[in-house]
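This is work_6.pdb. It holds PDB, C-alpha atoms.
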MODEL        1
ATOM      1  CA  MET Z  61       0.000   0.000   0.000
ATOM      2  CA  SER Z  62       1.383   3.399  -0.851
ATOM      3  CA  VAL Z  63       1.120   4.988   2.562
ATOM      4  CA  ALA Z  64       4.203   6.200   4.393
ATOM      5  CA  ILE Z  65       3.985   5.894   8.162
ATOM      6  CA  LEU Z  66       6.281   8.154  10.140
ATOM      7  CA  ARG Z  67       6.738   8.503  13.843
ATOM      8  CA  GLU Z  68       7.359  11.846  15.378
ATOM      9  CA  GLY Z  69       7.453  11.729  19.143
ATOM     10  CA  ASP Z  70       3.981  10.905  20.420
ATOM     11  CA  TYR Z  71       2.483  11.397  17.005
ATOM     12  CA  LEU Z  72       2.030   9.054  14.099
ATOM     13  CA  ILE Z  73       1.904  10.522  10.616
ATOM     14  CA  ALA Z  74       0.249   8.532   7.837
ATOM     15  CA  ALA Z  75       1.015  10.125   4.498
ATOM     16  CA  ILE Z  76      -0.973   8.669   1.626
ATOM     17  CA  LEU Z  77       1.393   8.757  -1.344
ATOM     18  CA  SER Z  78      -0.912   7.941  -4.247
ATOM     19  CA  ASP Z  79      -4.581   7.413  -5.016
ATOM     20  CA  LEU Z  80      -5.893   4.352  -3.160
ATOM     21  CA  THR Z  81      -8.449   1.692  -3.983
ATOM     22  CA  ASP Z  82     -11.425   1.268  -1.647
ATOM     23  CA  LYS Z  83      -9.820  -1.904  -0.330
ATOM     24  CA  GLU Z  84      -6.618  -0.066   0.563
ATOM     25  CA  VAL Z  85      -8.588   2.705   2.256
ATOM     26  CA  LEU Z  86     -10.324   0.093   4.417
ATOM     27  CA  GLU Z  87      -7.041  -1.674   5.238
ATOM     28  CA  LEU Z  88      -5.655   1.590   6.518
ATOM     29  CA  ARG Z  89      -8.033   1.508   9.454
ATOM     30  CA  GLY Z  90      -6.744  -1.800  10.823
ATOM     31  CA  GLU Z  91      -3.153  -0.886  10.213
ATOM     32  CA  LEU Z  92      -3.346   2.521  11.882
ATOM     33  CA  THR Z  93      -5.294   1.166  14.844
ATOM     34  CA  GLU Z  94      -2.591  -1.435  15.365
ATOM     35  CA  LEU Z  95       0.295   1.041  14.997
ATOM     36  CA  VAL Z  96      -1.268   3.612  17.316
ATOM     37  CA  GLY Z  97      -1.265   0.923  20.004
ATOM     38  CA  ARG Z  98       2.204  -0.396  19.227
ATOM     39  CA  TYR Z  99       3.832   3.035  19.366
ATOM     40  CA  ARG Z 100       1.530   4.353  22.097
ATOM     41  CA  SER Z 101       0.786   7.326  19.842
ATOM     42  CA  ARG Z 102      -1.389  10.052  21.280
ATOM     43  CA  GLY Z 103      -1.931  11.788  17.984
ATOM     44  CA  LEU Z 104      -2.499  10.618  14.434
ATOM     45  CA  VAL Z 105      -2.164  12.790  11.349
ATOM     46  CA  ILE Z 106      -3.521  11.504   8.045
ATOM     47  CA  ASP Z 107      -2.365  13.339   4.938
ATOM     48  CA  VAL Z 108      -4.971  12.843   2.209
ATOM     49  CA  SER Z 109      -3.511  15.218  -0.380
ATOM     50  CA  ALA Z 110      -2.576  12.395  -2.776
ATOM     51  CA  LEU Z 111      -6.098  10.989  -2.923
ATOM     52  CA  ASP Z 112      -7.772  11.819  -6.222
ATOM     53  CA  VAL Z 113     -11.121  12.609  -4.596
ATOM     54  CA  ILE Z 114     -12.740  12.753  -1.174
ATOM     55  CA  ASP Z 115     -16.043  11.074  -1.884
ATOM     56  CA  SER Z 116     -18.629   9.642   0.502
ATOM     57  CA  PHE Z 117     -16.700   6.388   0.877
ATOM     58  CA  VAL Z 118     -13.429   8.080   1.803
ATOM     59  CA  ALA Z 119     -15.217  10.442   4.198
ATOM     60  CA  ARG Z 120     -16.883   7.483   5.905
ATOM     61  CA  ALA Z 121     -13.630   5.520   6.080
ATOM     62  CA  LEU Z 122     -11.778   8.466   7.650
ATOM     63  CA  ARG Z 123     -14.581   8.827  10.169
ATOM     64  CA  ALA Z 124     -14.261   5.146  11.026
ATOM     65  CA  ILE Z 125     -10.500   5.509  11.550
ATOM     66  CA  VAL Z 126     -10.982   8.510  13.842
ATOM     67  CA  LEU Z 127     -13.578   6.673  15.922
ATOM     68  CA  THR Z 128     -11.481   3.488  16.088
ATOM     69  CA  VAL Z 129      -8.169   4.995  17.172
ATOM     70  CA  ARG Z 130      -9.791   7.245  19.772
ATOM     71  CA  PRO Z 131     -10.428   4.448  22.302
ATOM     72  CA  ARG Z 132      -6.831   3.355  21.608
ATOM     73  CA  GLY Z 133      -5.750   6.687  23.017
ATOM     74  CA  ALA Z 134      -5.111   8.773  19.906
ATOM     75  CA  GLN Z 135      -6.707  11.923  18.541
ATOM     76  CA  THR Z 136      -6.749  12.300  14.766
ATOM     77  CA  VAL Z 137      -6.245  15.298  12.526
ATOM     78  CA  ILE Z 138      -6.756  15.126   8.745
ATOM     79  CA  VAL Z 139      -4.526  17.315   6.583
ATOM     80  CA  GLY Z 140      -4.052  17.955   2.881
ATOM     81  CA  ILE Z 141      -7.578  18.577   1.633
ATOM     82  CA  GLN Z 142      -6.980  20.454  -1.631
ATOM     83  CA  PRO Z 143      -8.903  23.593  -2.665
ATOM     84  CA  ASP Z 144     -10.842  21.737  -5.372
ATOM     85  CA  GLY Z 145     -11.542  18.897  -2.972
ATOM     86  CA  ALA Z 146     -12.874  21.362  -0.417
ATOM     87  CA  ILE Z 147     -15.273  22.807  -3.004
ATOM     88  CA  ALA Z 148     -16.378  19.292  -3.946
ATOM     89  CA  LEU Z 149     -17.061  18.461  -0.279
ATOM     90  CA  VAL Z 150     -19.267  21.521   0.112
ATOM     91  CA  GLN Z 151     -21.150  21.034  -3.141
ATOM     92  CA  PHE Z 152     -21.582  17.331  -2.387
ATOM     93  CA  ARG Z 153     -22.777  18.337   1.087
ATOM     94  CA  LEU Z 154     -20.558  15.718   2.655
ATOM     95  CA  ASN Z 155     -20.549  16.169   6.366
ATOM     96  CA  LEU Z 156     -17.111  15.517   7.786
ATOM     97  CA  GLY Z 157     -18.717  15.291  11.212
ATOM     98  CA  PRO Z 158     -16.244  14.357  13.910
ATOM     99  CA  LEU Z 159     -13.210  14.805  11.683
ATOM    100  CA  ARG Z 160     -10.723  17.412  12.804
ATOM    101  CA  VAL Z 161      -9.085  19.024   9.838
ATOM    102  CA  ALA Z 162      -5.989  21.201   9.580
ATOM    103  CA  LEU Z 163      -4.371  22.867   6.607
ATOM    104  CA  ASP Z 164      -0.957  21.256   6.880
ATOM    105  CA  LEU Z 165       1.379  19.300   9.146
ATOM    106  CA  ASP Z 166       2.383  22.340  11.184
ATOM    107  CA  ALA Z 167      -1.216  23.239  11.891
ATOM    108  CA  ALA Z 168      -1.989  19.608  12.692
ATOM    109  CA  ARG Z 169       0.869  19.462  15.198
ATOM    110  CA  THR Z 170      -0.364  22.621  16.906
ATOM    111  CA  LEU Z 171      -3.886  21.240  17.069
ATOM    112  CA  LEU Z 172      -2.690  17.883  18.430
ATOM    113  CA  ASP Z 173      -0.555  19.637  21.048
ATOM    114  CA  GLN Z 174      -3.712  21.365  22.258
ATOM    115  CA  LEU Z 175      -5.808  18.199  22.101
ATOM    116  CA  THR Z 176      -3.322  15.994  23.928
ATOM    117  CA  GLY Z 177      -1.824  18.605  26.213
ATOM    118  CA  GLY Z 178      -4.437  18.259  28.917
ATOM    119  CA  GLU Z 179      -5.187  14.572  28.947
ATOM    120  CA  ALA Z 180      -7.118  14.737  32.200
ATOM    121  CA  GLU Z 181      -9.402  17.500  31.001
ATOM    122  CA  ASP Z 182     -10.205  15.641  27.833
ATOM    123  CA  GLY Z 183     -13.346  13.841  28.877
ATOM    124  CA  ARG Z 184     -13.486  11.486  25.887
TER     125      ARG Z 184
ATOM    126  CA  MET V 213     -12.549  16.527 -30.527
ATOM    127  CA  ALA V 214     -11.339  13.804 -28.239
ATOM    128  CA  ASP V 215     -12.888  10.361 -28.621
ATOM    129  CA  GLU V 216     -15.114   8.727 -26.089
ATOM    130  CA  VAL V 217     -13.499   6.597 -23.406
ATOM    131  CA  ARG V 218     -14.961   3.361 -22.118
ATOM    132  CA  VAL V 219     -14.021   2.038 -18.669
ATOM    133  CA  VAL V 220     -15.102  -1.447 -17.617
ATOM    134  CA  ILE V 221     -16.111  -1.432 -13.948
ATOM    135  CA  ALA V 222     -15.620  -4.797 -12.270
ATOM    136  CA  ASP V 223     -13.817  -4.103  -9.005
ATOM    137  CA  ASP V 224     -12.690  -1.261  -6.786
ATOM    138  CA  ALA V 225      -9.417  -0.765  -8.680
ATOM    139  CA  ASP V 226     -11.485   0.242 -11.731
ATOM    140  CA  LEU V 227     -12.805   3.219  -9.773
ATOM    141  CA  MET V 228      -9.312   4.691  -9.859
ATOM    142  CA  THR V 229      -9.176   4.256 -13.638
ATOM    143  CA  ALA V 230     -12.605   5.855 -14.083
ATOM    144  CA  ARG V 231     -11.641   8.828 -11.887
ATOM    145  CA  ALA V 232      -8.324   9.331 -13.675
ATOM    146  CA  GLU V 233      -9.840   9.047 -17.171
ATOM    147  CA  ALA V 234     -12.618  11.500 -16.289
ATOM    148  CA  ARG V 235     -10.175  13.998 -14.832
ATOM    149  CA  ALA V 236      -7.894  13.709 -17.865
ATOM    150  CA  MET V 237     -10.774  14.218 -20.312
ATOM    151  CA  ALA V 238     -12.168  17.178 -18.350
ATOM    152  CA  GLU V 239      -8.754  18.828 -18.365
ATOM    153  CA  ARG V 240      -8.272  18.104 -22.077
ATOM    154  CA  LEU V 241     -11.630  19.708 -22.839
ATOM    155  CA  GLY V 242     -10.565  22.839 -21.005
ATOM    156  CA  PHE V 243     -12.772  22.634 -17.912
ATOM    157  CA  PRO V 244     -11.470  25.122 -15.346
ATOM    158  CA  ARG V 245     -10.883  24.169 -11.749
ATOM    159  CA  PRO V 246     -12.579  22.814  -9.698
ATOM    160  CA  ASP V 247     -14.679  21.074 -12.383
ATOM    161  CA  PRO V 248     -12.303  18.139 -13.090
ATOM    162  CA  THR V 249     -12.364  17.257  -9.380
ATOM    163  CA  LEU V 250     -16.160  17.618  -9.165
ATOM    164  CA  ILE V 251     -16.589  15.340 -12.185
ATOM    165  CA  ALA V 252     -14.093  12.765 -10.845
ATOM    166  CA  THR V 253     -15.881  12.741  -7.476
ATOM    167  CA  ALA V 254     -19.307  12.197  -9.054
ATOM    168  CA  ILE V 255     -17.912   9.378 -11.198
ATOM    169  CA  SER V 256     -16.279   7.767  -8.198
ATOM    170  CA  GLU V 257     -19.685   7.515  -6.492
ATOM    171  CA  ILE V 258     -21.481   6.171  -9.539
ATOM    172  CA  ALA V 259     -18.743   3.633 -10.273
ATOM    173  CA  ARG V 260     -18.784   2.420  -6.673
ATOM    174  CA  ASN V 261     -22.550   1.916  -6.877
ATOM    175  CA  ILE V 262     -21.938  -0.369  -9.849
ATOM    176  CA  VAL V 263     -19.343  -2.438  -7.955
ATOM    177  CA  VAL V 264     -21.376  -2.657  -4.751
ATOM    178  CA  HIS V 265     -24.885  -3.177  -6.116
ATOM    179  CA  SER V 266     -24.356  -4.877  -9.432
ATOM    180  CA  GLY V 267     -20.868  -6.367  -9.431
ATOM    181  CA  SER V 268     -19.971  -5.078 -12.876
ATOM    182  CA  GLY V 269     -20.880  -2.594 -15.567
ATOM    183  CA  GLU V 270     -19.260   0.130 -17.565
ATOM    184  CA  ILE V 271     -18.785   3.856 -17.711
ATOM    185  CA  VAL V 272     -18.564   5.726 -20.995
ATOM    186  CA  LEU V 273     -17.146   9.246 -21.059
ATOM    187  CA  LYS V 274     -18.136  11.322 -24.060
ATOM    188  CA  PRO V 275     -16.964  14.793 -24.909
ATOM    189  CA  PHE V 276     -19.459  17.107 -26.604
ATOM    190  CA  GLU V 277     -19.352  20.605 -27.955
ATOM    191  CA  ASP V 278     -21.386  23.040 -29.970
ATOM    192  CA  ALA V 279     -20.944  26.671 -30.885
ATOM    193  CA  TYR V 280     -21.499  27.877 -27.329
ATOM    194  CA  ARG V 281     -20.661  25.050 -25.008
ATOM    195  CA  TYR V 282     -18.300  22.204 -24.382
ATOM    196  CA  GLY V 283     -18.902  19.449 -21.940
ATOM    197  CA  LEU V 284     -18.578  15.905 -20.781
ATOM    198  CA  ILE V 285     -21.289  13.264 -20.756
ATOM    199  CA  VAL V 286     -20.976  10.303 -18.407
ATOM    200  CA  ILE V 287     -23.059   7.217 -19.080
ATOM    201  CA  ALA V 288     -22.861   4.516 -16.433
ATOM    202  CA  THR V 289     -24.666   1.235 -17.043
ATOM    203  CA  ASP V 290     -25.025  -2.043 -15.225
ATOM    204  CA  GLN V 291     -27.242  -5.110 -15.542
ATOM    205  CA  GLY V 292     -27.756  -5.397 -11.810
ATOM    206  CA  PRO V 293     -30.987  -5.824  -9.861
ATOM    207  CA  GLY V 294     -32.039  -2.216 -10.450
ATOM    208  CA  ILE V 295     -33.150   0.368  -7.925
ATOM    209  CA  ARG V 296     -36.672  -0.234  -6.681
ATOM    210  CA  ASP V 297     -37.477   3.317  -5.639
ATOM    211  CA  VAL V 298     -35.460   5.740  -7.762
ATOM    212  CA  GLU V 299     -36.973   8.828  -6.193
ATOM    213  CA  ALA V 300     -36.055   7.621  -2.720
ATOM    214  CA  ALA V 301     -32.523   6.710  -3.868
ATOM    215  CA  LEU V 302     -31.995  10.326  -4.901
ATOM    216  CA  ARG V 303     -33.046  11.611  -1.503
ATOM    217  CA  ASP V 304     -30.304  12.439   0.921
ATOM    218  CA  ASP V 305     -31.133   9.965   3.661
ATOM    219  CA  TYR V 306     -31.822   6.847   1.654
ATOM    220  CA  SER V 307     -29.774   3.754   1.077
ATOM    221  CA  GLY V 308     -31.026   0.464  -0.256
ATOM    222  CA  ARG V 309     -28.282  -1.359   1.614
ATOM    223  CA  GLY V 310     -28.128   0.147   5.038
ATOM    224  CA  GLY V 311     -25.203   2.509   4.494
ATOM    225  CA  PRO V 312     -25.821   6.234   4.496
ATOM    226  CA  GLY V 313     -27.308   7.001   1.094
ATOM    227  CA  LEU V 314     -25.149   9.917   0.096
ATOM    228  CA  GLY V 315     -23.663   8.815  -3.185
ATOM    229  CA  LEU V 316     -26.404   9.475  -5.737
ATOM    230  CA  PRO V 317     -27.760  12.796  -4.430
ATOM    231  CA  GLY V 318     -24.210  14.008  -3.871
ATOM    232  CA  ALA V 319     -23.152  13.078  -7.397
ATOM    233  CA  ARG V 320     -26.216  14.835  -8.750
ATOM    234  CA  ARG V 321     -25.254  18.043  -6.975
ATOM    235  CA  LEU V 322     -21.746  17.930  -8.448
ATOM    236  CA  MET V 323     -22.988  17.745 -12.043
ATOM    237  CA  ASP V 324     -25.212  19.999 -14.190
ATOM    238  CA  GLU V 325     -27.591  17.333 -15.420
ATOM    239  CA  PHE V 326     -28.404  13.981 -13.885
ATOM    240  CA  ASP V 327     -30.739  11.283 -15.079
ATOM    241  CA  LEU V 328     -31.315   7.832 -13.636
ATOM    242  CA  VAL V 329     -33.274   5.035 -15.289
ATOM    243  CA  SER V 330     -33.591   1.726 -13.518
ATOM    244  CA  ASP V 331     -35.655  -1.431 -13.585
ATOM    245  CA  ALA V 332     -35.199  -5.039 -12.571
ATOM    246  CA  ASP V 333     -34.972  -6.332 -16.157
ATOM    247  CA  ASN V 334     -32.563  -3.863 -17.665
ATOM    248  CA  GLY V 335     -30.458  -2.759 -14.724
ATOM    249  CA  THR V 336     -29.524   0.844 -14.103
ATOM    250  CA  THR V 337     -28.313   3.637 -16.364
ATOM    251  CA  VAL V 338     -27.078   6.912 -14.944
ATOM    252  CA  THR V 339     -26.456   9.748 -17.379
ATOM    253  CA  MET V 340     -24.685  12.829 -16.046
ATOM    254  CA  LYS V 341     -23.502  15.950 -17.836
ATOM    255  CA  LYS V 342     -21.228  18.790 -16.968
ATOM    256  CA  TRP V 343     -20.871  21.671 -19.376
ATOM    257  CA  ARG V 344     -19.373  25.105 -19.685
ATOM    258  CA  TYR V 345     -20.134  28.063 -21.899
ATOM    259  CA  ARG V 346     -17.184  29.109 -23.995
ATOM    260  CA  ASP V 347     -18.099  32.703 -23.505
ATOM    261  CA  GLU V 348     -20.597  34.089 -21.018
ATOM    262  CA  LEU V 349     -21.394  37.032 -23.290
ATOM    263  CA  ALA V 350     -22.108  34.745 -26.218
ATOM    264  CA  ARG V 351     -24.424  32.785 -23.930
ATOM    265  CA  LEU V 352     -26.359  35.917 -22.969
ATOM    266  CA  ARG V 353     -26.618  37.008 -26.614
ATOM    267  CA  GLU V 354     -27.892  33.564 -27.563
ATOM    268  CA  GLU V 355     -30.502  33.662 -24.806
ATOM    269  CA  ARG V 356     -31.686  37.066 -25.905
ATOM    270  CA  ARG V 357     -31.871  35.957 -29.491
ATOM    271  CA  ARG V 358     -33.959  32.935 -28.498
ATOM    272  CA  ARG V 359     -36.349  35.077 -26.474
ATOM    273  CA  ALA V 360     -36.759  37.629 -29.258
TER     274      ALA V 360
ENDMDL
END
Output the file's structure in the form of structure tokens.
Amino acid sequence: MSVAILREGDYLIAAILSDLTDKEVLELRGELTELVGRYRSRGLVIDVSALDVIDSFVARALRAIVLTVRPRGAQTVIVGIQPDGAIALVQFRLNLGPLRVALDLDAARTLLDQLTGGEAEDGR
Amino acid sequence: MADEVRVVIADDADLMTARAEARAMAERLGFPRPDPTLIATAISEIARNIVVHSGSGEIVLKPFEDAYRYGLIVIATDQGPGIRDVEAALRDDYSGRGGPGLGLPGARRLMDEFDLVSDADNGTTVTMKKWRYRDELARLREERRRRA
């Protein structure tokens, strides 16, 4: 699968490197859930910029990943939604729901620092 | 003008081909951003419906143009079980198979024209179009001429 997984301190970065099939998108969930546990990651960043489109299937799969890694102790931030993809999401009326989104890796790191900084206060 | 492109849809890897072909044709035709992405997203949904509900089918991409417009026609066909309640399938909250039924209404919103014909004997055909006026002023003149 063309996804690069990088560790950076408490955070795990999953950079999708090319367009993925539905099957590969689904496999990502199991893999990331496993890795978050193995590395005791408290944050997960998924870079979706290489995906050709964010359609309803991808949105649902990302949602599933977020909800699955959360009880494993990790918060997730999605980065890399392209301008055209953002317009498509709005026109499609796809609701990203519980997904936290940041513009790029720097913004994701800042957001994760906030989210994981006060573990005790985070009631989830 | 570019020729039509036919993509056989039999498994999820074919969705990638359909998306890429649609994007390439839209760009070749001169569609400005974000149209190629909107078209590719709509096609992704329609192609997935074929894989999930029918198993196999095909998508034909056809360029069209006249004096005022250029555009892309997408014709997706399958010989699957058909959609029992087409009107319901185009509503936002419906899904014949339990999942959130977002695909069809979403795809419709991304395109300019959308038509769905389905019955149990002949399967399902979705026809979608996206078009652009070459020149907004020419479009207005044409409309005025037609009204006159």
Take the ChimeraX specification (/Z :<6) & /V, run it mentally on this structure, and tell me the resulting residues as a short mmCIF file (atom, residue, chain, number, x, y, z; two decimals) with C-alpha atoms, keeping the file's coordinate frame.
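The resulting file, result_28.cif, is reproduced below:
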data_model
loop_
_atom_site.label_atom_id
_atom_site.label_comp_id
_atom_site.auth_asym_id
_atom_site.auth_seq_id
_atom_site.Cartn_x
_atom_site.Cartn_y
_atom_site.Cartn_z
CA ASP V 224 -12.69 -1.26 -6.79
CA ALA V 225 -9.42 -0.76 -8.68
CA PRO V 246 -12.58 22.81 -9.70
CA LEU V 250 -16.16 17.62 -9.16
CA THR V 253 -15.88 12.74 -7.48
CA GLY V 318 -24.21 14.01 -3.87
CA ARG V 321 -25.25 18.04 -6.98
#
**Request:** Using the chain letters and numbering of this document, enumerate as a list in words the residues selected by the PyMOL selection byres ((chain V and resi 267) around 12).
**Result:**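 Expected selection for the PyMOL selection byres ((chain V and resi 267) around 12) here is Val220, Ile221, Ala222, Asp223, Asp224, Asp226, Ala259, Arg260, Asn261, Ile262, Val263, Val264, His265, Ser266, Ser268, Gly269, Glu270, Thr289, Asp290, Gln291, Gly292, Pro293, Gly294 and Gly335 of chain V.
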**Asked** Excluding same-chain residues fewer than 3 positions from V:Val272, what lies within 6 Å of it counting all atoms listed in the file, as an MDAnalysis selection string?
**Response** chainID V and resid 217:218 286:287
**Point-to-point distance from atom CA of V:Ala288 to atom CA of V:Asp327, Å rounded to tenths** = 10.5 Å
**Request:** In Å, rounded to a single decimal, give me how far atom CA of Z:Leu86 is from atom CA of V:Arg303.
**Result:** 26.2 Å
**Message:** Measuring between only C-alpha atoms, which one of V:Glu299, V:Arg358, V:Ile258, V:Glu216 shows the shortest distance to V:Thr337?
**Reply:**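 The shortest atom-to-atom distance to V:Thr337 comes from V:Ile258.
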If you count only C-alpha atoms, which residues fall within 8 Å of V:Val329, apart from same-chain ones fewer than 4 positions away, as an mmCIF file with C-alpha atoms, in the coordinates of the input?
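Once written, part.cif looks like this:
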data_model
loop_
_atom_site.group_PDB
_atom_site.id
_atom_site.type_symbol
_atom_site.label_atom_id
_atom_site.label_comp_id
_atom_site.auth_asym_id
_atom_site.auth_seq_id
_atom_site.Cartn_x
_atom_site.Cartn_y
_atom_site.Cartn_z
ATOM 1 C CA VAL V 298 -35.460 5.740 -7.762
ATOM 2 C CA THR V 336 -29.524 0.844 -14.103
ATOM 3 C CA THR V 337 -28.313 3.637 -16.364
ATOM 4 C CA VAL V 338 -27.078 6.912 -14.944
#
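Of note, atom CA of Z:Ala134 and atom CA of Z:Ala75 are spaced 16.6 Å apart.
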**Item:** Which of V:Asp215, V:Glu257, V:Asn334, V:Ile271 sits closest to V:Ala230 [using all atoms listed in the file]
**Value:**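 When distances to V:Ala230 are compared using all atoms listed in the file, the smallest one comes from V:Ile271.
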**Request:** Please provide the set of residues having any atom within 8 Å of Z:Leu77, restricted to only C-alpha atoms, with same-chain residues fewer than 6 positions apart removed, written as number ranges by chain.
**Result:** Z: 62-64, 110-111
**Message:** Can you tell me which residues surround stretch 101-107 of chain Z at a distance of at most 6 Å, considering only C-alpha atoms, apart from same-chain residues fewer than 4 positions away, and format the answer as a VMD selection string?
**Reply:** chain Z and resid 70 to 76 96 133 to 140
**Point (-29.6, 13.5, -5.3) neighbourhood (9 Å, all atoms listed in the file) written as a VMD selection string** = chain V and resid 299 301 to 304 314 to 321 326
**Message:** Set the distance at 7 Å and use all atoms listed in the file: which residues neighbour stretch 343-345 of chain V once local chain neighbours fewer than 4 positions away are removed? I'd like the list as a PyMOL selection string.
**Reply:** chain V and resi 280-284+324+351
With 8 Å added on each side, what axis-aligned box encloses every listed atom of stretch 120-138 of chain Z? Give the centre and edge lengths in Å to one decimal, as lines of an AutoDock Vina configuration file.
center_x = -11.0
center_y = 9.3
center_z = 14.5
size_x = 27.8
size_y = 27.9
size_z = 33.1
**Message:** Please return as a list in words every residue within 12 Å of (-14.1, 10.9, 12.1), taking into account all atoms listed in the file and the file's own coordinates.
**Reply:**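 Protein and nucleic acid residues near the point are Arg89, Leu104, Ile106, Val118, Ala119, Arg120, Ala121, Leu122, Arg123, Ala124, Ile125, Val126, Leu127, Thr128, Val129, Arg130, Gln135, Thr136, Val137, Ile138, Asn155, Leu156, Gly157, Pro158, Leu159, Arg160 and Val161 of chain Z.
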**Request:** Just say which residues the PyMOL selection byres ((chain V and resi 238-244) around 9) picks in this file, as a PyMOL selection string.
**Result:** chain V and resi 213-214+233-237+245-249+251-252+275+282-284+343-344
For stretch 247-264 of chain V, which lacks atoms in the input, supply N, CA and C atoms and format the output as a PDB file, keeping the file's coordinate frame.
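This is the output file out-v1.pdb:
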ATOM      1  N   ASP V 247     -13.803  22.028 -11.691  1.00  0.00           N
ATOM      2  CA  ASP V 247     -14.679  21.074 -12.383  1.00  0.00           C
ATOM      3  C   ASP V 247     -14.097  19.662 -12.546  1.00  0.00           C
ATOM      4  N   PRO V 248     -12.807  19.517 -12.951  1.00  0.00           N
ATOM      5  CA  PRO V 248     -12.303  18.139 -13.090  1.00  0.00           C
ATOM      6  C   PRO V 248     -12.439  17.323 -11.800  1.00  0.00           C
ATOM      7  N   THR V 249     -12.228  17.969 -10.657  1.00  0.00           N
ATOM      8  CA  THR V 249     -12.364  17.257  -9.380  1.00  0.00           C
ATOM      9  C   THR V 249     -13.830  16.929  -9.093  1.00  0.00           C
ATOM     10  N   LEU V 250     -14.732  17.863  -9.399  1.00  0.00           N
ATOM     11  CA  LEU V 250     -16.160  17.618  -9.165  1.00  0.00           C
ATOM     12  C   LEU V 250     -16.626  16.438 -10.015  1.00  0.00           C
ATOM     13  N   ILE V 251     -16.191  16.426 -11.275  1.00  0.00           N
ATOM     14  CA  ILE V 251     -16.589  15.340 -12.185  1.00  0.00           C
ATOM     15  C   ILE V 251     -16.015  14.004 -11.694  1.00  0.00           C
ATOM     16  N   ALA V 252     -14.735  14.010 -11.318  1.00  0.00           N
ATOM     17  CA  ALA V 252     -14.093  12.765 -10.845  1.00  0.00           C
ATOM     18  C   ALA V 252     -14.782  12.242  -9.584  1.00  0.00           C
ATOM     19  N   THR V 253     -15.214  13.160  -8.720  1.00  0.00           N
ATOM     20  CA  THR V 253     -15.881  12.741  -7.476  1.00  0.00           C
ATOM     21  C   THR V 253     -17.240  12.113  -7.786  1.00  0.00           C
ATOM     22  N   ALA V 254     -17.993  12.743  -8.684  1.00  0.00           N
ATOM     23  CA  ALA V 254     -19.307  12.197  -9.054  1.00  0.00           C
ATOM     24  C   ALA V 254     -19.144  10.812  -9.675  1.00  0.00           C
ATOM     25  N   ILE V 255     -18.137  10.662 -10.533  1.00  0.00           N
ATOM     26  CA  ILE V 255     -17.912   9.378 -11.198  1.00  0.00           C
ATOM     27  C   ILE V 255     -17.491   8.305 -10.202  1.00  0.00           C
ATOM     28  N   SER V 256     -16.707   8.703  -9.223  1.00  0.00           N
ATOM     29  CA  SER V 256     -16.279   7.767  -8.198  1.00  0.00           C
ATOM     30  C   SER V 256     -17.501   7.156  -7.484  1.00  0.00           C
ATOM     31  N   GLU V 257     -18.470   7.989  -7.169  1.00  0.00           N
ATOM     32  CA  GLU V 257     -19.685   7.515  -6.492  1.00  0.00           C
ATOM     33  C   GLU V 257     -20.490   6.560  -7.376  1.00  0.00           C
ATOM     34  N   ILE V 258     -20.661   6.966  -8.625  1.00  0.00           N
ATOM     35  CA  ILE V 258     -21.481   6.171  -9.539  1.00  0.00           C
ATOM     36  C   ILE V 258     -20.810   4.822  -9.827  1.00  0.00           C
ATOM     37  N   ALA V 259     -19.486   4.865 -10.000  1.00  0.00           N
ATOM     38  CA  ALA V 259     -18.743   3.633 -10.273  1.00  0.00           C
ATOM     39  C   ALA V 259     -18.794   2.700  -9.065  1.00  0.00           C
ATOM     40  N   ARG V 260     -18.730   3.259  -7.875  1.00  0.00           N
ATOM     41  CA  ARG V 260     -18.784   2.420  -6.673  1.00  0.00           C
ATOM     42  C   ARG V 260     -20.157   1.767  -6.553  1.00  0.00           C
ATOM     43  N   ASN V 261     -21.208   2.508  -6.892  1.00  0.00           N
ATOM     44  CA  ASN V 261     -22.550   1.916  -6.877  1.00  0.00           C
ATOM     45  C   ASN V 261     -22.606   0.684  -7.773  1.00  0.00           C
ATOM     46  N   ILE V 262     -21.943   0.774  -8.929  1.00  0.00           N
ATOM     47  CA  ILE V 262     -21.938  -0.369  -9.849  1.00  0.00           C
ATOM     48  C   ILE V 262     -21.268  -1.567  -9.184  1.00  0.00           C
ATOM     49  N   VAL V 263     -20.091  -1.339  -8.579  1.00  0.00           N
ATOM     50  CA  VAL V 263     -19.343  -2.438  -7.955  1.00  0.00           C
ATOM     51  C   VAL V 263     -20.131  -3.044  -6.795  1.00  0.00           C
ATOM     52  N   VAL V 264     -20.714  -2.178  -5.966  1.00  0.00           N
ATOM     53  CA  VAL V 264     -21.376  -2.657  -4.751  1.00  0.00           C
ATOM     54  C   VAL V 264     -22.712  -3.325  -5.064  1.00  0.00           C
TER      55      VAL V 264
END
